[in-house]
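Peer 1: Got a structure for you, written out below as structure tokens; questions coming shortly.
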Amino acid sequence: MFSIVIDFSKIILHSKLTLLEKKIKPFPKNLNYKIGLILTIPNNTYDLLLKQKFGMPRINFINSPLFVNSIIDFTYIQYDPKRKICEIQKINSYTLSSILDSILYYIPNDFKILISITIENKKLINKCIYESFKNPHISNKSPLGIKYNTDMLFLNKINNIVTYDATNEVNFAFKNYKNKTNILQFKLNNETIKKLKYFSKLGNSINNDDTITQKEISGCFKIQNMDNNFIYNLELCDNIKLGLEEEAEILNCKISFHSHPYSLYDIYKFKFGWPSNFDYMTYLHSIKNTLFHIVVTNEGIYIISLSKEWSEKEDFTITNEIQNFILKNYKIKKTNNFLNVQEYIKKINKIKYKNTKIFNLQFQFWNQIENPFYIFQPKNIYYI
């Protein structure tokens, strides 16, 4: 069998293909994104299709009884070019491999392919794991806004040739779902730790006036795997960005970081390099794309994530009132001689906005950095 992708908006909606339309209903309800129709057909039907001339002869052929009656299965994909997401709406284990082959050819290879599966469909789940889908999330709403009548398991993969075993991830997602919890654990791999220890000392570059100053650096982590203890291992990505002396570009990724240069400790007589109020603000503004953010300092790493209460919110609208609250209450001078790191962490984690904690802050000294840390995964955001 062979799967072909047809532009639904350009060909199906405007060509009045009566026979084909009866076969492929119901049409997608959400027409805000680009839509593709994937038809799985026998090899001999595909050979006949290729013999038709481009244009109307080929369009008329896909509306013929011979073609329509030969269709093995059909599904729809919706894709968002800006976010580089391609969502498959309906699929089965029998046609999955053929459909993925067609998407590999027709959809850009840097897109994420997203699939939704009923949580009882173990056969399809196992087939998706075999096809290297990963990053499980259980919800009744997809990243493209498609709502389901029941909770679904979402998985995704890059639209390229990849190898990944998500068995542990899927098992853990179901375990959390059953126990009604949303805690994830992470730790940095050894190679990443070796590099990260020097990041507060790196970033020296020449300025326009030929002086050399240290700049902040920023980047992303990627998930290497989940081990048998259900702990995600993090690996440093190669896309390191050089910023300014007191400013860094926070990259748009699931797990991000930036450094606080050691040179600022001498300039401003810092004792510790903990996050600024703007660091918390920037993280909150990126919450729909970033699960947590790490600030790399001379004394260790500060891990900013959402509190349990905020991870369970449905609305993540950031009002001016919340912003003003953060700028005021999270501004704690690094020259404060009355606070050590542990006291700072306690102080931050006691701050509440309308009786609710916004952030969960953790810290690891460099001699503790091999230890796992925990994150509350927002229940209504799927990080892909």
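For the structure tokens, the naming scheme is as follows: chains receive sequential letters (A, B, ...) according to their order of presentation, residues are indexed from 1 within each chain, and ligands are indexed from 1 in presentation order.
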Do you know which residues are at most 9 Å from Asn160 (chain A) counting only C-alpha atoms, after dropping those on the same chain fewer than 6 positions away, and could you put them as a PDB file with C-alpha atoms, in the first residue's frame?
Peer 2:
```pdb
ATOM      1  CA  LEU A 104       8.406  12.472   5.440  1.00  0.00           C
ATOM      2  CA  PRO A 108       9.376  19.808   5.957  1.00  0.00           C
ATOM      3  CA  ASN A 109      11.758  17.625   7.924  1.00  0.00           C
ATOM      4  CA  ASP A 110      12.208  20.112  10.781  1.00  0.00           C
ATOM      5  CA  PHE A 111       8.472  19.898  11.635  1.00  0.00           C
TER       6      PHE A 111
END
```
Peer 1: Just asking: which residues within region 22-73 of chain A are strand (DSSP E) according to DSSP, as a JSON list (two decimals) with C-alpha atoms, in the first residue's frame?
Peer 2:
```json
[["chain", "number", "residue", "atom", "x", "y", "z"],
["A", 34, "LYS", "CA", -3.29, 24.32, 6.55],
["A", 35, "ILE", "CA", -4.99, 20.97, 6.03],
["A", 36, "GLY", "CA", -3.80, 17.92, 4.15],
["A", 37, "LEU", "CA", -5.77, 14.80, 3.27],
["A", 38, "ILE", "CA", -3.80, 11.55, 3.39],
["A", 39, "LEU", "CA", -5.21, 8.65, 1.38],
["A", 40, "THR", "CA", -3.80, 5.16, 1.75],
["A", 41, "ILE", "CA", -4.29, 3.16, -1.45],
["A", 73, "ASP", "CA", -8.02, 4.36, 4.78]]
```
Peer 1: Can you measure CA of Ser286 (chain A) to CA of Lys84 (chain A) for me? One decimal in Å is fine.
Peer 2: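 Answer for the CA of Ser286 (chain A) to CA of Lys84 (chain A) separation: 17.3 Å.
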Peer 1: Go through region 302-325 of chain A and flag each residue having an atom no more than 10 Å from region 181-187 of chain A; for those, report the closest pair of atoms plus their distance in Å to one decimal, using only C-alpha atoms, ordered by chain and rising number, as CSV.
Peer 2:
```
residue,atom,partner,partner_atom,distance
A:Lys308,CA,A:Asn182,CA,8.4
A:Ser311,CA,A:Asn182,CA,8.5
A:Glu312,CA,A:Asn182,CA,8.8
```
Peer 1: Among the residues of region 74-285 of chain A, find those DSSP assigns to helix (DSSP H, G or I) from the backbone and print them as number ranges by chain.
Peer 2: A: 96-106, 122-130, 167-179, 190-196, 263-268, 277-285
Peer 1: Please identify all polymer residues within 12 Å of Ile158 (chain A), counting only C-alpha atoms, omitting same-chain residues fewer than 5 positions from it, and present them as a PyMOL selection string.
Peer 2: chain A and resi 84-87+100+103-104+107-115+131-135+163-164+384
Peer 1: Of the candidates A:Lys346, A:Arg83, A:Lys357, A:Lys147, which one gets nearest to Asn252 (chain A) if we count only C-alpha atoms?
Peer 2: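 Answer, going by the shortest atom-to-atom distance: A:Arg83.
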Peer 1: Between A:Lys201, A:Lys127, A:Lys23, A:His137, which has the minimum distance to Ser64 (chain A) (counting only C-alpha atoms)?
Peer 2: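 Looking only at the distances to Ser64 (chain A), the closest residue turns out to be A:Lys23.
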Peer 1: For His285 (chain A), list every protein, DNA or RNA residue within 10 Å, evaluated using only C-alpha atoms, and leave out those in the same chain fewer than 5 positions away; present the list as a VMD selection string.
Peer 2: chain A and resid 280 290 316 to 318 323
Peer 1: So which residues touch Tyr94 (chain A) within 12 Å, counting only C-alpha atoms, skipping near sequence neighbours fewer than 2 positions away, as a VMD selection string?
Peer 2: chain A and resid 1 to 2 40 72 to 74 91 to 92 96 to 100 123 to 124 127 to 128
Peer 1: Output the selection as a PDB file, in the first residue's frame - N, CA and C atoms for each residue.
Peer 2:
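What follows is the written file part_14.pdb:
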```
ATOM      1  N   MET A   1       0.837  -1.199   0.000  1.00  0.00           N
ATOM      2  CA  MET A   1       0.000   0.000   0.000  1.00  0.00           C
ATOM      3  C   MET A   1       0.872   1.248   0.000  1.00  0.00           C
ATOM      4  N   PHE A   2       0.271   2.365  -0.378  1.00  0.00           N
ATOM      5  CA  PHE A   2       1.003   3.620  -0.524  1.00  0.00           C
ATOM      6  C   PHE A   2       0.104   4.754  -0.050  1.00  0.00           C
ATOM      7  N   THR A  40      -4.603   6.366   1.868  1.00  0.00           N
ATOM      8  CA  THR A  40      -3.804   5.155   1.748  1.00  0.00           C
ATOM      9  C   THR A  40      -4.478   4.249   0.730  1.00  0.00           C
ATOM     10  N   ILE A  72      -7.965   2.414   1.075  1.00  0.00           N
ATOM     11  CA  ILE A  72      -7.853   1.548   2.248  1.00  0.00           C
ATOM     12  C   ILE A  72      -8.228   2.319   3.509  1.00  0.00           C
ATOM     13  N   ASP A  73      -7.734   3.529   3.615  1.00  0.00           N
ATOM     14  CA  ASP A  73      -8.017   4.363   4.783  1.00  0.00           C
ATOM     15  C   ASP A  73      -7.694   5.807   4.430  1.00  0.00           C
ATOM     16  N   PHE A  74      -8.177   6.729   5.264  1.00  0.00           N
ATOM     17  CA  PHE A  74      -7.861   8.141   5.057  1.00  0.00           C
ATOM     18  C   PHE A  74      -7.705   8.809   6.427  1.00  0.00           C
ATOM     19  N   ILE A  91      -5.791   7.917  13.035  1.00  0.00           N
ATOM     20  CA  ILE A  91      -4.815   6.998  12.466  1.00  0.00           C
ATOM     21  C   ILE A  91      -5.005   5.623  13.087  1.00  0.00           C
ATOM     22  N   ASN A  92      -4.481   4.598  12.423  1.00  0.00           N
ATOM     23  CA  ASN A  92      -4.503   3.255  13.006  1.00  0.00           C
ATOM     24  C   ASN A  92      -3.134   2.610  12.843  1.00  0.00           C
ATOM     25  N   LEU A  96      -0.076   3.310   9.819  1.00  0.00           N
ATOM     26  CA  LEU A  96       0.805   4.322  10.400  1.00  0.00           C
ATOM     27  C   LEU A  96       2.117   4.464   9.639  1.00  0.00           C
ATOM     28  N   SER A  97       2.812   3.371   9.375  1.00  0.00           N
ATOM     29  CA  SER A  97       4.129   3.444   8.724  1.00  0.00           C
ATOM     30  C   SER A  97       4.026   4.059   7.339  1.00  0.00           C
ATOM     31  N   SER A  98       2.989   3.682   6.596  1.00  0.00           N
ATOM     32  CA  SER A  98       2.805   4.234   5.252  1.00  0.00           C
ATOM     33  C   SER A  98       2.536   5.732   5.304  1.00  0.00           C
ATOM     34  N   ILE A  99       1.730   6.163   6.257  1.00  0.00           N
ATOM     35  CA  ILE A  99       1.409   7.582   6.404  1.00  0.00           C
ATOM     36  C   ILE A  99       2.647   8.388   6.793  1.00  0.00           C
ATOM     37  N   LEU A 100       3.448   7.850   7.700  1.00  0.00           N
ATOM     38  CA  LEU A 100       4.673   8.543   8.109  1.00  0.00           C
ATOM     39  C   LEU A 100       5.637   8.679   6.937  1.00  0.00           C
ATOM     40  N   LYS A 123      -2.256  -1.123  21.220  1.00  0.00           N
ATOM     41  CA  LYS A 123      -1.604  -1.574  19.991  1.00  0.00           C
ATOM     42  C   LYS A 123      -1.015  -0.397  19.223  1.00  0.00           C
ATOM     43  N   LEU A 124      -1.795   0.680  19.089  1.00  0.00           N
ATOM     44  CA  LEU A 124      -1.299   1.861  18.376  1.00  0.00           C
ATOM     45  C   LEU A 124      -0.213   2.569  19.177  1.00  0.00           C
ATOM     46  N   LYS A 127       2.922   0.754  18.614  1.00  0.00           N
ATOM     47  CA  LYS A 127       3.387   0.996  17.251  1.00  0.00           C
ATOM     48  C   LYS A 127       4.057   2.362  17.142  1.00  0.00           C
ATOM     49  N   CYS A 128       3.490   3.351  17.827  1.00  0.00           N
ATOM     50  CA  CYS A 128       4.091   4.696  17.819  1.00  0.00           C
ATOM     51  C   CYS A 128       5.453   4.696  18.519  1.00  0.00           C
TER      52      CYS A 128
END
```
Peer 1: Do a neighbour search on Pro136 (chain A) at 6 Å with only C-alpha atoms, toss out local chain neighbours closer than 4 positions, and write the hits as a ChimeraX atom specification.
Peer 2: /A:154-155,170
Peer 1: Write out as JSON, numbers by chain each polymer residue whose atoms come within 12 Å of Lys180 (chain A), counting only C-alpha atoms; drop sequence neighbours fewer than 6 positions from it.
Peer 2: {"A": [138, 172, 173, 174, 312, 377, 379]}
